[in-house]
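Have a look at the structure below before the remarks.
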Amino acid sequence: VTRRRVFQTSLMSALLAGVYDGDLSVGELLTEGDFGLGTFDGLDGEMVVIDGECLRMRADGTVTPADHADMTPFAVVVNFVADETIEVTEPVTMAGLFELVGHQSDNYLYAVRVHGHFESVVTRTVSVQEKPYQPLRTAVQGQATMDFADLNGLLVGFESPLYERGIGVPGGHVHFLDTERTRGGHVLDFVMTRGIVEVCVGTDLELRLPLRTEFGEAELTPDDLAEQIEATENQRTH
Ligand SMILES: [Zn+2]
């Protein structure tokens with residue numbers, strides 16, 4: 001087994017607390033990995049990093065290359081190497097996909113790259129936030145939910161162990177981008193009819209904490225952490 005390092009800036013719990021501005025540029029992020037996901041300052045779009053390129057998917061439905069000077073308050077990247085490849089020939093949902101991934105152990109991090117055909121994909125994209133920032137639970141009330149049907153695309157995802165709750169999103173965090181790279185967002189669910197699933201097993205985690213007052217002062221272990229993650233990352237709000 002080759003050790004693989006997952007690099008992450010900030011914490012899921014910091015996003016929940018409304019820490020939406022970071023201190024890491026896209027250019028710096030791309031030196032840490034060529035594959036991953038995240039968001040941009042002010043929650044101005046969902047991020048996908050693929051083949052060393054960083055793309056921004058906004059709530060208005062546009063997909064544009066991010067500038068290297070753009071900043072991120074939360075992102076996870078890895079230099080992706082496929083340790084395992086799984087061919088999917090029967091329909092799977094998001095939960096079904098993550099059952100296929102990491103079946104040997106629940107205790108590592110898994111980066112998941114999927115090229116597939118989708119019967120349906122439901123994504124959301126949060127709208128850019130104005131200061132003073134509200135907690136994520138409030139911010140997602142204004143999210144744009146999009147339903148895609150019968151299309152080819154790419155999933156960029158990470159499955160984190162339960163012990164990472166608050167650091168990441170246990171059970172899986174996935175962003176979608178269509179093959180033409182014109183549409184996408186943060187995935188709430190999908191049905192993939194066929195696809196190739198590549199898995200990169202993360203054995204090392206480098207966590208970079210933002211040197212910002214808002215981060216230093218944020219409440220990062222709320223009593224209802226699990227509930228907040230479920231409400232903000234996995235559910236339709238309307
Ligand atoms: Zn996301």
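Chain identifiers are assigned as A, B, and so on, following the order in which chains appear in the structure tokens; residues are numbered from 1 within each chain, and ligands are numbered from 1 in order of appearance.
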To check your reading of the model: which residues sit at most 8 Å from ligand 1 when counting only C-alpha atoms and all ligand atoms? Write the answer as a list in words.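 After applying the 8 Å limit, what remains is Leu37, Gly38, Thr39, Glu46, Met47, His173, Val174, His175, Gly185, His186, Val187 and Glu233 of chain A.
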Non-local contacts of Leu97 (chain A) (10 Å; only C-alpha atoms; under 4 positions in same chain excluded) as a PyMOL selection string | chain A and resi 88+91-93+101-102+112+114+172+190-192+197
Could the residues in this selection be saved with N, CA and C atoms as an mmCIF file, in the first residue's frame?
data_model
loop_
_atom_site.group_PDB
_atom_site.id
_atom_site.type_symbol
_atom_site.label_atom_id
_atom_site.label_comp_id
_atom_site.auth_asym_id
_atom_site.auth_seq_id
_atom_site.Cartn_x
_atom_site.Cartn_y
_atom_site.Cartn_z
ATOM 1 N N VAL A 88 -19.389 -0.154 -12.559
ATOM 2 C CA VAL A 88 -20.788 -0.228 -12.140
ATOM 3 C C VAL A 88 -21.640 -0.482 -13.376
ATOM 4 N N PRO A 91 -27.929 0.208 -11.760
ATOM 5 C CA PRO A 91 -28.168 1.511 -11.146
ATOM 6 C C PRO A 91 -27.767 1.577 -9.670
ATOM 7 N N VAL A 92 -27.058 2.645 -9.306
ATOM 8 C CA VAL A 92 -26.739 2.886 -7.897
ATOM 9 C C VAL A 92 -27.074 4.328 -7.532
ATOM 10 N N THR A 93 -27.481 4.513 -6.291
ATOM 11 C CA THR A 93 -27.704 5.851 -5.742
ATOM 12 C C THR A 93 -26.409 6.295 -5.073
ATOM 13 N N VAL A 101 -17.585 1.685 -2.193
ATOM 14 C CA VAL A 101 -16.276 2.283 -1.936
ATOM 15 C C VAL A 101 -15.869 1.995 -0.490
ATOM 16 N N GLY A 102 -14.633 1.654 -0.285
ATOM 17 C CA GLY A 102 -14.143 1.492 1.084
ATOM 18 C C GLY A 102 -14.754 0.328 1.804
ATOM 19 N N VAL A 112 -12.945 9.706 -4.481
ATOM 20 C CA VAL A 112 -13.694 8.919 -5.456
ATOM 21 C C VAL A 112 -13.879 9.741 -6.731
ATOM 22 N N VAL A 114 -15.531 9.427 -10.489
ATOM 23 C CA VAL A 114 -16.486 8.586 -11.215
ATOM 24 C C VAL A 114 -16.826 9.225 -12.554
ATOM 25 N N GLY A 172 -19.998 10.871 2.892
ATOM 26 C CA GLY A 172 -19.722 11.243 1.511
ATOM 27 C C GLY A 172 -20.086 12.667 1.155
ATOM 28 N N PHE A 190 -28.242 11.006 -6.559
ATOM 29 C CA PHE A 190 -28.233 10.678 -7.985
ATOM 30 C C PHE A 190 -28.626 9.222 -8.168
ATOM 31 N N VAL A 191 -28.951 8.894 -9.418
ATOM 32 C CA VAL A 191 -29.040 7.489 -9.834
ATOM 33 C C VAL A 191 -28.112 7.359 -11.034
ATOM 34 N N MET A 192 -27.036 6.581 -10.846
ATOM 35 C CA MET A 192 -26.091 6.340 -11.939
ATOM 36 C C MET A 192 -26.386 4.957 -12.510
ATOM 37 N N VAL A 197 -15.799 3.708 -11.463
ATOM 38 C CA VAL A 197 -15.530 4.327 -10.165
ATOM 39 C C VAL A 197 -14.068 4.086 -9.821
#
>> When DSSP is applied to the backbone of this structure, which of region 5-238 of chain A are assigned strand (DSSP E)? Write them out as a ChimeraX atom specification.
In response: /A:5-9,24-25,35-39,46-50,53-57,63-65,71-72,74-78,84-88,92-93,109-125,144-159,173-178,184-202,204-208
Check your understanding: Near region 200-210 of chain A, counting only C-alpha atoms, which residues have an atom at most 7 Å away, once you skip same-chain residues fewer than 4 positions from it, shown as a PyMOL selection string?
Key -> chain A and resi 3-10+22-23+80-84+108-112+215
In terms of only C-alpha atoms, the residue from A:Ser105, A:His117, A:Val140, A:Thr2 at minimal distance from Pro161 (chain A) is A:Ser105
